[in-house]
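Data block below; observations after.
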Amino acid sequence: MHTIQNYINGQFENPSNNEWLDNYCPANGEIYGQIPNSSKDDVERAYQAAELAFPSWSKTTLDERSRILIKISELLEANIQQFAEAESKDNGKPVSLAKAIDIPRAASNFRFFGNAITQFASESHESVGQDAINYTLRQPIGIVGCISPWNLPLYLFTWKIAPAIAAGNCVVAKPSEITPITAFLLGNICNEAGLPKGVLNIVHGLGKITGQAIVEHPYIKAISFTGGTKTGAHIAKIAAPMFKKLSLELGGKNPNIIFADCDYKGMLETTVRASFSNQGQICLCGSRIFVEASIYKKFKTDFIAKVNQLKVGHPSSEATQLGALVSKQHLEKVLNYIDIAKKENGNILCGGNQVIIKDYEGGYYLEPTVIEISTNDCKINQEEVFGPVVTIMPFNTENEVLHMANAVRYGLSATLWTSNLKRTMRLTNQLQAGIIWVNTWMLRDLRTPFGGIKASGVGREGGFEALRFFTEAKNVCIKY
Ligand code: NDP
């Protein structure tokens with residue numbers, strides 16, 4: 001059993017109320033640790049530490065900030081095995097995945113923003129004929145709140161924290177209470193890297209108490225949130241009358257559109273990955289697969305054959321491709337959606353059942369599931385399941401599939417498979433999504449804007465977009 005503590009002012013401490021929550025291991029369903037059930041008081045303490053650190057941190061040279069961020073990145077890389085195992089145990093994802101994706105990406109987030117801040121520049125405008133020059137300062141906001149979900153715990157936590165501190169802010173952050181361990185471990189690394197105390201403060205606890213206290217805090221001036229659409233709407237309601245800056249990265253129900261003229265082999269392999277990586281618990285997964293009618297039958301046979309080969313197993317086994325879902329409640333939610341699909345006359349082509357792994361009978365395992373549907377407007381094709389469940393359905397024309405792809409409340413990402421350039425241009429222009437991949441999926445360049453439209457959120461993360469979010473623009477006009 002381990003005990004997680006809050007990280008405030010560079011030190012580890014128990015929650016002030018001494019209340020604790022259980023930390024479950026999804027691979028066997030057992031309690032394996034205790035997490036602070038932090039209250040408003042702990043958020044206040046974190047805020048006070050951040051406020052104390054801000055005057056000095058905001059004046060730290062870019063070179064120094066960059067050096068510290070890159071040091072954090074190096075230390076994460078040096079401790080990759082420990083972090084990958086911890087992430088896997090907390091979340092249920094295969095250790096191999098955490099080692100290949102989650103932890104390297106968390107390290108890249110720090111390295112990327114450590115470098116980006118040294119290149120971040122502001123504009124100047126000469127007001128010709130008026131003898132004046134304008135220049136724009138990009139000043140840190142002050143104390144900002146970062147709240148992240150459980151699916152890619154350290155990866156998404158650091159995606160917010162790194163640009164926030166690079167830009168000179170001090171942070172009060174809360175990871176998901178379901179997956180707090182790697183955020184807890186990060187505290188030690190920040191100390192070792194020489195991050196001044198109070199620049200980053202991590203408070204663990206429930207969203208509706210600890211998270212809400214961050215959002216409600218009158219002097220935390222910006223909130224960067226990734227999580228569900230319902231929670232995002234709730235946060236927006238609280239933050240709007242206080243005029244806080246908000247970045248909301250929310251749910252998705254992303255179309256994966258496959259035309260007959262695509263590179264079939266590449267498409268098939270990537271579609272399996274886009275459907276089931278991280279047990280389908282990635283906001284960018286292509287959960288609605290639309291296939292051109294002329295290759296639908298072939299695709300269906302080949303796809304199901306590949307999905308049937310996927311190995312569900314204990315996260316620490318090298319052979320495992322799908323580990324456990326994150327929690328019992330989430331497993332039940334996903335199973336409930338499969339039931340709904342059956343009631344809607346969805347045809348379960350493979351999967352659909354819980355998997356019992358010998359010696360880990362209490363774990364939350366589920367077969368990768370493919371459901372054939374006949375209309376786009378059914379619940380299983382409209383609501384975010386966020387598990388190893390995809391639908392497939394055929395289409396006949398470009399207009400028909402464009403309409404179906406857009407006829408959903410979300411607009412996070414879309415994937416398109418075709419070798420026709422004109423079609424690519426037509427569709428990428430009209431698809432309603434913040435991120436579109438053509439003939440690939442999840443190919444990420446951290447300089448690009450990342451985020452969604454419609455119910456998938458507001459604002460963009462990544463590159464200079466993130467640094468702009470975490471700074472206030474102040475224009476100075478000098479008449480000479
Ligand atoms: P939630 O919205 O339930 O939670 C996200 C975070 O917000 C957690 O830390 C949670 O804490 C906290 N929280 C919950 N209620 C409040 C509140 N009232 N005030 C402040 N904070 C609160 O999402 P999940 O953790 O279930 O994550 C899954 C969702 O995240 C999916 O919908 C997925 O699509 C989305 N997501 C979006 C991404 C994107 O980039 N667009 C990327 C990854 C995921 P706690 O866990 O303790 O409740």
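We name chains A, B, ... following the order of the structure tokens; residues begin at 1 in each chain, and ligands are numbered from 1 as shown.
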Neighbourhood of ligand 1 at 9 Å, counting only C-alpha atoms and all ligand atoms, reported as a JSON list (two decimals) with N, CA and C atoms, in the first residue's frame:
```json
[["chain", "number", "residue", "atom", "x", "y", "z"],
["A", 146, "CYS", "N", -4.84, 23.90, -13.42],
["A", 146, "CYS", "CA", -4.78, 22.87, -14.45],
["A", 146, "CYS", "C", -5.46, 21.61, -13.92],
["A", 147, "ILE", "N", -6.46, 21.13, -14.64],
["A", 147, "ILE", "CA", -7.23, 19.96, -14.19],
["A", 147, "ILE", "C", -7.25, 18.93, -15.33],
["A", 148, "SER", "N", -6.83, 17.71, -15.02],
["A", 148, "SER", "CA", -6.66, 16.73, -16.11],
["A", 148, "SER", "C", -7.39, 15.41, -15.81],
["A", 149, "PRO", "N", -7.64, 14.61, -16.87],
["A", 149, "PRO", "CA", -8.42, 13.37, -16.72],
["A", 149, "PRO", "C", -7.54, 12.14, -16.48],
["A", 150, "TRP", "N", -8.18, 10.97, -16.47],
["A", 150, "TRP", "CA", -7.49, 9.73, -16.10],
["A", 150, "TRP", "C", -6.96, 8.93, -17.27],
["A", 151, "ASN", "N", -7.33, 9.28, -18.50],
["A", 151, "ASN", "CA", -7.01, 8.34, -19.59],
["A", 151, "ASN", "C", -5.53, 8.34, -20.00],
["A", 152, "LEU", "N", -4.94, 9.56, -20.02],
["A", 152, "LEU", "CA", -3.50, 9.67, -20.32],
["A", 152, "LEU", "C", -2.94, 10.53, -19.18],
["A", 153, "PRO", "N", -2.82, 9.95, -17.99],
["A", 153, "PRO", "CA", -2.66, 10.77, -16.79],
["A", 153, "PRO", "C", -1.49, 11.75, -16.82],
["A", 156, "LEU", "N", -1.32, 14.12, -20.18],
["A", 156, "LEU", "CA", -2.18, 15.31, -20.28],
["A", 156, "LEU", "C", -1.95, 16.30, -19.14],
["A", 174, "LYS", "N", -4.64, 19.72, -10.41],
["A", 174, "LYS", "CA", -5.28, 18.52, -9.86],
["A", 174, "LYS", "C", -5.37, 17.44, -10.94],
["A", 175, "PRO", "N", -4.71, 16.29, -10.72],
["A", 175, "PRO", "CA", -4.92, 15.18, -11.65],
["A", 175, "PRO", "C", -6.23, 14.49, -11.29],
["A", 176, "SER", "N", -6.66, 13.57, -12.15],
["A", 176, "SER", "CA", -7.86, 12.80, -11.81],
["A", 176, "SER", "C", -7.59, 12.00, -10.53],
["A", 177, "GLU", "N", -8.59, 11.94, -9.69],
["A", 177, "GLU", "CA", -8.41, 11.20, -8.42],
["A", 177, "GLU", "C", -8.32, 9.70, -8.71],
["A", 178, "ILE", "N", -8.74, 9.29, -9.91],
["A", 178, "ILE", "CA", -8.68, 7.87, -10.26],
["A", 178, "ILE", "C", -7.24, 7.45, -10.60],
["A", 179, "THR", "N", -6.44, 8.39, -11.08],
["A", 179, "THR", "CA", -5.06, 8.07, -11.51],
["A", 179, "THR", "C", -4.06, 9.14, -11.03],
["A", 204, "HIS", "N", -4.48, 16.71, -4.56],
["A", 204, "HIS", "CA", -5.25, 15.53, -4.97],
["A", 204, "HIS", "C", -6.62, 15.53, -4.31],
["A", 205, "GLY", "N", -7.59, 14.99, -5.02],
["A", 205, "GLY", "CA", -8.92, 14.88, -4.42],
["A", 205, "GLY", "C", -10.00, 14.78, -5.46],
["A", 206, "LEU", "N", -11.22, 14.85, -5.00],
["A", 206, "LEU", "CA", -12.38, 14.68, -5.89],
["A", 206, "LEU", "C", -12.60, 15.93, -6.76],
["A", 207, "GLY", "N", -13.06, 15.67, -7.98],
["A", 207, "GLY", "CA", -13.34, 16.79, -8.87],
["A", 207, "GLY", "C", -14.34, 17.76, -8.28],
["A", 208, "LYS", "N", -15.42, 17.18, -7.71],
["A", 208, "LYS", "CA", -16.50, 18.07, -7.26],
["A", 208, "LYS", "C", -16.12, 18.86, -6.00],
["A", 209, "ILE", "N", -15.02, 18.49, -5.32],
["A", 209, "ILE", "CA", -14.59, 19.28, -4.15],
["A", 209, "ILE", "C", -13.29, 20.03, -4.47],
["A", 210, "THR", "N", -12.21, 19.26, -4.70],
["A", 210, "THR", "CA", -10.90, 19.89, -4.94],
["A", 210, "THR", "C", -10.88, 20.64, -6.27],
["A", 211, "GLY", "N", -11.36, 19.96, -7.32],
["A", 211, "GLY", "CA", -11.37, 20.58, -8.65],
["A", 211, "GLY", "C", -12.23, 21.83, -8.64],
["A", 212, "GLN", "N", -13.39, 21.69, -8.07],
["A", 212, "GLN", "CA", -14.33, 22.81, -8.02],
["A", 212, "GLN", "C", -13.74, 23.99, -7.24],
["A", 213, "ALA", "N", -13.00, 23.69, -6.15],
["A", 213, "ALA", "CA", -12.39, 24.77, -5.36],
["A", 213, "ALA", "C", -11.36, 25.53, -6.19],
["A", 214, "ILE", "N", -10.68, 24.82, -7.07],
["A", 214, "ILE", "CA", -9.71, 25.51, -7.96],
["A", 214, "ILE", "C", -10.48, 26.44, -8.91],
["A", 215, "VAL", "N", -11.55, 25.90, -9.50],
["A", 215, "VAL", "CA", -12.32, 26.70, -10.47],
["A", 215, "VAL", "C", -12.96, 27.90, -9.79],
["A", 216, "GLU", "N", -13.44, 27.70, -8.54],
["A", 216, "GLU", "CA", -14.15, 28.79, -7.84],
["A", 216, "GLU", "C", -13.20, 29.81, -7.21],
["A", 225, "PHE", "N", -8.60, 22.92, -18.63],
["A", 225, "PHE", "CA", -9.29, 21.69, -18.22],
["A", 225, "PHE", "C", -9.38, 20.71, -19.38],
["A", 226, "THR", "N", -9.09, 19.46, -19.11],
["A", 226, "THR", "CA", -9.38, 18.39, -20.06],
["A", 226, "THR", "C", -10.22, 17.36, -19.34],
["A", 227, "GLY", "N", -11.33, 16.99, -19.96],
["A", 227, "GLY", "CA", -12.22, 16.00, -19.33],
["A", 227, "GLY", "C", -13.52, 15.91, -20.10],
["A", 228, "GLY", "N", -14.55, 15.46, -19.43],
["A", 228, "GLY", "CA", -15.84, 15.24, -20.09],
["A", 228, "GLY", "C", -16.56, 16.55, -20.43],
["A", 229, "THR", "N", -17.43, 16.48, -21.43],
["A", 229, "THR", "CA", -18.17, 17.66, -21.89],
["A", 229, "THR", "C", -19.09, 18.20, -20.79],
["A", 230, "LYS", "N", -19.72, 17.29, -20.04],
["A", 230, "LYS", "CA", -20.63, 17.73, -18.98],
["A", 230, "LYS", "C", -19.86, 18.51, -17.91],
["A", 231, "THR", "N", -18.71, 17.99, -17.52],
["A", 231, "THR", "CA", -17.90, 18.69, -16.50],
["A", 231, "THR", "C", -17.43, 20.03, -17.05],
["A", 232, "GLY", "N", -17.04, 20.03, -18.33],
["A", 232, "GLY", "CA", -16.58, 21.28, -18.97],
["A", 232, "GLY", "C", -17.65, 22.35, -18.93],
["A", 234, "HIS", "N", -20.10, 22.56, -16.81],
["A", 234, "HIS", "CA", -20.26, 22.95, -15.41],
["A", 234, "HIS", "C", -19.17, 23.97, -15.01],
["A", 235, "ILE", "N", -17.94, 23.68, -15.40],
["A", 235, "ILE", "CA", -16.82, 24.58, -15.09],
["A", 235, "ILE", "C", -17.02, 25.94, -15.76],
["A", 238, "ILE", "N", -19.31, 28.23, -13.88],
["A", 238, "ILE", "CA", -18.73, 28.85, -12.67],
["A", 238, "ILE", "C", -17.74, 29.93, -13.06],
["A", 248, "LEU", "N", -10.90, 24.54, -22.71],
["A", 248, "LEU", "CA", -11.65, 23.31, -22.41],
["A", 248, "LEU", "C", -11.43, 22.29, -23.52],
["A", 249, "GLU", "N", -10.78, 21.19, -23.16],
["A", 249, "GLU", "CA", -10.59, 20.08, -24.11],
["A", 249, "GLU", "C", -11.53, 18.97, -23.67],
["A", 250, "LEU", "N", -12.58, 18.73, -24.45],
["A", 250, "LEU", "CA", -13.66, 17.87, -23.96],
["A", 250, "LEU", "C", -13.81, 16.59, -24.79],
["A", 251, "GLY", "N", -14.97, 16.03, -24.76],
["A", 251, "GLY", "CA", -15.17, 14.70, -25.37],
["A", 251, "GLY", "C", -15.13, 14.70, -26.88],
["A", 252, "GLY", "N", -15.14, 13.50, -27.44],
["A", 252, "GLY", "CA", -15.15, 13.36, -28.90],
["A", 252, "GLY", "C", -15.96, 12.15, -29.32],
["A", 253, "LYS", "N", -16.39, 12.16, -30.57],
["A", 253, "LYS", "CA", -17.05, 10.98, -31.16],
["A", 253, "LYS", "C", -16.62, 11.02, -32.62],
["A", 281, "GLN", "N", -9.70, 4.35, -24.80],
["A", 281, "GLN", "CA", -9.91, 5.48, -23.89],
["A", 281, "GLN", "C", -9.00, 6.66, -24.28],
["A", 282, "ILE", "N", -9.08, 7.05, -25.54],
["A", 282, "ILE", "CA", -8.37, 8.26, -25.99],
["A", 282, "ILE", "C", -9.43, 9.13, -26.66],
["A", 283, "CYS", "N", -9.43, 10.41, -26.30],
["A", 283, "CYS", "CA", -10.47, 11.29, -26.85],
["A", 283, "CYS", "C", -10.41, 11.35, -28.37],
["A", 284, "LEU", "N", -9.26, 10.94, -28.97],
["A", 284, "LEU", "CA", -9.07, 11.03, -30.42],
["A", 284, "LEU", "C", -9.38, 9.73, -31.14],
["A", 330, "HIS", "N", -16.48, 2.66, -14.85],
["A", 330, "HIS", "CA", -16.32, 2.91, -16.29],
["A", 330, "HIS", "C", -16.62, 1.64, -17.09],
["A", 384, "GLU", "N", -20.53, 9.60, -26.53],
["A", 384, "GLU", "CA", -19.16, 9.15, -26.33],
["A", 384, "GLU", "C", -19.14, 7.95, -25.38],
["A", 385, "VAL", "N", -18.57, 6.83, -25.85],
["A", 385, "VAL", "CA", -18.49, 5.63, -25.01],
["A", 385, "VAL", "C", -17.16, 5.63, -24.26],
["A", 386, "PHE", "N", -16.10, 5.99, -24.94],
["A", 386, "PHE", "CA", -14.77, 6.12, -24.34],
["A", 386, "PHE", "C", -14.25, 4.77, -23.84],
["A", 412, "LEU", "N", -14.13, 16.95, -32.33],
["A", 412, "LEU", "CA", -12.72, 16.95, -31.92],
["A", 412, "LEU", "C", -11.81, 16.59, -33.09],
["A", 450, "PHE", "N", -4.09, 22.20, -31.03],
["A", 450, "PHE", "CA", -4.78, 20.97, -30.65],
["A", 450, "PHE", "C", -6.06, 21.33, -29.90],
["A", 451, "GLY", "N", -7.20, 20.86, -30.38],
["A", 451, "GLY", "CA", -8.44, 21.11, -29.66],
["A", 451, "GLY", "C", -9.63, 20.88, -30.57],
["A", 452, "GLY", "N", -10.81, 21.05, -30.00],
["A", 452, "GLY", "CA", -12.00, 20.72, -30.77],
["A", 452, "GLY", "C", -12.97, 21.87, -30.91],
["A", 456, "SER", "N", -16.87, 19.62, -28.23],
["A", 456, "SER", "CA", -15.54, 19.11, -27.89],
["A", 456, "SER", "C", -14.66, 20.17, -27.25],
["A", 457, "GLY", "N", -15.19, 21.37, -27.08],
["A", 457, "GLY", "CA", -14.43, 22.34, -26.28],
["A", 457, "GLY", "C", -14.20, 23.68, -26.94],
["A", 461, "GLU", "N", -4.74, 24.00, -27.50],
["A", 461, "GLU", "CA", -3.49, 23.78, -26.78],
["A", 461, "GLU", "C", -2.39, 23.54, -27.82]]
```
Exercise. Neighbours of Ala183 (chain A) within 10 Å (only C-alpha atoms; same-chain residues fewer than 6 positions away dropped), as a PyMOL selection string?
Worked result: chain A and resi 4+6-7+83+87+153-155+157-158+173-176+202-204
Please save all heavy atoms of the selected residues as a short mmCIF file (atom, residue, chain, number, x, y, z; two decimals), in the first residue's frame.
```cif
data_model
loop_
_atom_site.label_atom_id
_atom_site.label_comp_id
_atom_site.auth_asym_id
_atom_site.auth_seq_id
_atom_site.Cartn_x
_atom_site.Cartn_y
_atom_site.Cartn_z
N ILE A 4 -0.36 8.63 -1.04
CA ILE A 4 -0.05 9.79 -1.87
C ILE A 4 -0.27 11.05 -1.03
O ILE A 4 -1.18 11.08 -0.20
CB ILE A 4 -0.95 9.75 -3.12
CG1 ILE A 4 -0.41 8.68 -4.08
CG2 ILE A 4 -1.07 11.10 -3.80
CD1 ILE A 4 -1.27 8.41 -5.25
N ASN A 6 -0.22 15.55 -0.97
CA ASN A 6 -0.25 16.76 -1.78
C ASN A 6 1.16 17.33 -1.87
O ASN A 6 1.99 17.11 -0.98
CB ASN A 6 -1.18 17.81 -1.15
CG ASN A 6 -2.64 17.39 -1.26
OD1 ASN A 6 -3.02 16.70 -2.20
ND2 ASN A 6 -3.45 17.80 -0.29
N TYR A 7 1.43 18.03 -2.96
CA TYR A 7 2.74 18.66 -3.18
C TYR A 7 2.52 20.17 -3.18
O TYR A 7 1.98 20.73 -4.14
CB TYR A 7 3.29 18.16 -4.52
CG TYR A 7 4.56 18.81 -5.00
CD1 TYR A 7 5.78 18.58 -4.36
CD2 TYR A 7 4.56 19.62 -6.13
CE1 TYR A 7 6.95 19.16 -4.83
CE2 TYR A 7 5.73 20.20 -6.61
CZ TYR A 7 6.92 19.96 -5.94
OH TYR A 7 8.08 20.54 -6.41
N PHE A 83 8.09 5.20 -13.77
CA PHE A 83 6.88 5.95 -14.12
C PHE A 83 5.92 5.10 -14.96
O PHE A 83 4.71 5.15 -14.76
CB PHE A 83 7.26 7.24 -14.86
CG PHE A 83 7.50 8.39 -13.93
CD1 PHE A 83 8.72 8.53 -13.30
CD2 PHE A 83 6.51 9.32 -13.65
CE1 PHE A 83 8.96 9.59 -12.41
CE2 PHE A 83 6.73 10.37 -12.77
CZ PHE A 83 7.96 10.51 -12.14
N GLU A 87 2.19 4.20 -13.86
CA GLU A 87 1.04 4.62 -14.69
C GLU A 87 0.16 3.42 -15.04
O GLU A 87 -1.07 3.50 -14.99
CB GLU A 87 1.57 5.28 -15.98
CG GLU A 87 0.56 6.13 -16.70
CD GLU A 87 0.28 7.44 -15.98
OE1 GLU A 87 -0.29 7.40 -14.88
OE2 GLU A 87 0.61 8.51 -16.53
N PRO A 153 -2.82 9.95 -17.99
CA PRO A 153 -2.66 10.77 -16.79
C PRO A 153 -1.49 11.75 -16.82
O PRO A 153 -1.70 12.97 -16.78
CB PRO A 153 -2.53 9.74 -15.68
CG PRO A 153 -3.24 8.54 -16.19
CD PRO A 153 -2.97 8.52 -17.66
N LEU A 154 -0.27 11.26 -16.91
CA LEU A 154 0.87 12.18 -16.84
C LEU A 154 1.02 12.97 -18.14
O LEU A 154 1.40 14.14 -18.15
CB LEU A 154 2.17 11.42 -16.53
CG LEU A 154 3.34 12.31 -16.14
CD1 LEU A 154 3.09 13.01 -14.81
CD2 LEU A 154 4.65 11.53 -16.07
N TYR A 155 0.71 12.32 -19.23
CA TYR A 155 0.79 12.91 -20.58
C TYR A 155 -0.06 14.19 -20.63
O TYR A 155 0.42 15.25 -21.05
CB TYR A 155 0.29 11.81 -21.51
CG TYR A 155 0.07 12.02 -22.97
CD1 TYR A 155 0.50 11.04 -23.88
CD2 TYR A 155 -0.62 13.10 -23.49
CE1 TYR A 155 0.28 11.16 -25.24
CE2 TYR A 155 -0.86 13.22 -24.85
CZ TYR A 155 -0.42 12.25 -25.71
OH TYR A 155 -0.66 12.36 -27.05
N PHE A 157 -1.54 15.81 -18.00
CA PHE A 157 -1.23 16.68 -16.86
C PHE A 157 -0.07 17.62 -17.24
O PHE A 157 -0.14 18.84 -17.07
CB PHE A 157 -0.85 15.77 -15.68
CG PHE A 157 -0.77 16.44 -14.34
CD1 PHE A 157 -1.89 17.05 -13.78
CD2 PHE A 157 0.41 16.44 -13.61
CE1 PHE A 157 -1.83 17.65 -12.53
CE2 PHE A 157 0.48 17.03 -12.35
CZ PHE A 157 -0.64 17.64 -11.82
N THR A 158 0.98 17.03 -17.81
CA THR A 158 2.17 17.82 -18.15
C THR A 158 1.96 18.69 -19.39
O THR A 158 2.62 19.70 -19.57
CB THR A 158 3.38 16.89 -18.40
OG1 THR A 158 3.01 15.94 -19.40
CG2 THR A 158 3.76 16.14 -17.13
N ALA A 173 -2.58 22.54 -9.50
CA ALA A 173 -3.02 21.50 -10.43
C ALA A 173 -3.68 20.35 -9.70
O ALA A 173 -3.35 20.05 -8.55
CB ALA A 173 -1.83 20.99 -11.22
N LYS A 174 -4.64 19.72 -10.41
CA LYS A 174 -5.28 18.52 -9.86
C LYS A 174 -5.37 17.44 -10.94
O LYS A 174 -6.02 17.63 -11.96
CB LYS A 174 -6.68 18.83 -9.35
CG LYS A 174 -7.26 17.65 -8.56
CD LYS A 174 -8.76 17.74 -8.37
CE LYS A 174 -9.53 17.01 -9.44
NZ LYS A 174 -9.36 15.55 -9.48
N PRO A 175 -4.71 16.29 -10.72
CA PRO A 175 -4.92 15.18 -11.65
C PRO A 175 -6.23 14.49 -11.29
O PRO A 175 -6.81 14.77 -10.25
CB PRO A 175 -3.72 14.27 -11.34
CG PRO A 175 -3.42 14.53 -9.90
CD PRO A 175 -3.81 15.96 -9.61
N SER A 176 -6.66 13.57 -12.15
CA SER A 176 -7.86 12.80 -11.81
C SER A 176 -7.59 12.00 -10.53
O SER A 176 -6.51 11.43 -10.36
CB SER A 176 -8.22 11.85 -12.94
OG SER A 176 -9.21 10.96 -12.48
N ILE A 202 0.48 20.59 -6.40
CA ILE A 202 -0.43 19.53 -6.85
C ILE A 202 -1.32 19.11 -5.69
O ILE A 202 -0.83 18.66 -4.65
CB ILE A 202 0.37 18.33 -7.40
CG1 ILE A 202 1.31 18.80 -8.53
CG2 ILE A 202 -0.58 17.25 -7.90
CD1 ILE A 202 2.30 17.75 -9.00
N VAL A 203 -2.62 19.27 -5.90
CA VAL A 203 -3.58 18.94 -4.85
C VAL A 203 -4.45 17.79 -5.35
O VAL A 203 -5.04 17.87 -6.42
CB VAL A 203 -4.47 20.17 -4.51
CG1 VAL A 203 -5.29 19.89 -3.27
CG2 VAL A 203 -3.63 21.40 -4.31
N HIS A 204 -4.48 16.71 -4.56
CA HIS A 204 -5.25 15.53 -4.97
C HIS A 204 -6.62 15.53 -4.31
O HIS A 204 -6.76 15.99 -3.17
CB HIS A 204 -4.51 14.25 -4.56
CG HIS A 204 -3.17 14.12 -5.20
ND1 HIS A 204 -3.00 13.57 -6.45
CD2 HIS A 204 -1.94 14.51 -4.79
CE1 HIS A 204 -1.71 13.60 -6.76
NE2 HIS A 204 -1.05 14.17 -5.77
#
```
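For the pair CA of Gly194 (chain A) and CA of Arg111 (chain A), the interatomic distance is 15.2 Å.
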Exercise. Leaving out Asn254 (chain A) and any residue of its chain fewer than 5 positions from it, which residues lie within 7 Å of it when counting only C-alpha atoms, given as JSON, numbers by chain?
Worked result: {"A": [284, 285, 286, 287, 288, 412, 413, 414]}
Next, dump the selected residues to file, keeping only N, CA and C atoms, as an mmCIF file, in the first residue's frame.
```cif
data_model
loop_
_atom_site.group_PDB
_atom_site.id
_atom_site.type_symbol
_atom_site.label_atom_id
_atom_site.label_comp_id
_atom_site.auth_asym_id
_atom_site.auth_seq_id
_atom_site.Cartn_x
_atom_site.Cartn_y
_atom_site.Cartn_z
ATOM 1 N N LEU A 284 -9.261 10.941 -28.969
ATOM 2 C CA LEU A 284 -9.068 11.034 -30.416
ATOM 3 C C LEU A 284 -9.377 9.730 -31.144
ATOM 4 N N CYS A 285 -9.744 8.675 -30.416
ATOM 5 C CA CYS A 285 -10.017 7.395 -31.080
ATOM 6 C C CYS A 285 -11.112 7.574 -32.135
ATOM 7 N N GLY A 286 -10.968 6.845 -33.224
ATOM 8 C CA GLY A 286 -11.972 6.913 -34.302
ATOM 9 C C GLY A 286 -13.055 5.904 -33.996
ATOM 10 N N SER A 287 -14.072 6.328 -33.265
ATOM 11 C CA SER A 287 -15.059 5.352 -32.790
ATOM 12 C C SER A 287 -16.213 5.128 -33.760
ATOM 13 N N ARG A 288 -16.316 5.984 -34.790
ATOM 14 C CA ARG A 288 -17.377 5.776 -35.803
ATOM 15 C C ARG A 288 -16.695 5.508 -37.142
ATOM 16 N N LEU A 412 -14.127 16.953 -32.333
ATOM 17 C CA LEU A 412 -12.723 16.948 -31.916
ATOM 18 C C LEU A 412 -11.815 16.592 -33.089
ATOM 19 N N SER A 413 -11.837 15.332 -33.537
ATOM 20 C CA SER A 413 -10.958 14.957 -34.651
ATOM 21 C C SER A 413 -11.728 14.141 -35.685
ATOM 22 N N ALA A 414 -11.103 13.980 -36.860
ATOM 23 C CA ALA A 414 -11.662 13.128 -37.909
ATOM 24 C C ALA A 414 -10.486 12.515 -38.655
#
```
For this session: Run DSSP on the backbone and grab whatever in region 152-381 of chain A lands in strand (DSSP E); send it over as a ChimeraX atom specification.
Result: /A:170-174,200-202,222-226,245-249,255-258,288-292,347-350,354-355,365-366,369-372
Problem set entry | Long-range neighbours of Arg45 (chain A) as a ChimeraX atom specification, 12 Å cut-off, only C-alpha atoms, 4 positions minimum in chain | /A:6-9,11,13-16,38-41,49-52,172,198,201-203,213-214,217
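Between CA of Arg65 (chain A) and CA of Thr118 (chain A) lies a distance of 9.0 Å.
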For this session: Check region 367-429 of chain A with DSSP on the backbone and list each residue it calls alpha helix (DSSP H), as an NGL selection string.
Result: :A and (379-382 or 398-406 or 421-429)
For this session: Considering only C-alpha atoms, return as a PyMOL selection string whatever protein or nucleic-acid residues lie within 10 Å of region 105-109 of chain A, sequence-local ones (same chain, fewer than 5 positions apart) excluded.
Result: chain A and resi 69-78+80+98-100+114-115+152-163+446+462-463
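Nearest to Ser316 (chain A) of all the residues A:Pro94, A:Gly129, A:Pro55, A:Gly10 is A:Pro94, based on only C-alpha atoms.
Across A:Ala473, A:Leu21, A:Ala405, A:Val326, the tightest approach to Lys93 (chain A) is made by A:Val326 when counting only C-alpha atoms.
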For this session: Have a look at A:Leu421, A:Ile357, A:Leu467, A:Val272 and name the one nearest to Val390 (chain A); count only C-alpha atoms.
Result: A:Val272
Problem set entry | 10 Å contact set for region 240-245 of chain A, only C-alpha atoms, chain neighbours under 3 positions out, as a ChimeraX atom specification | /A:141,144,215-224,235-237,459,469-472
Exercise. Which value, in Å to one decimal, gives the distance between CA of Phe299 (chain A) and CA of Trp441 (chain A)?
Worked result: 17.9 Å
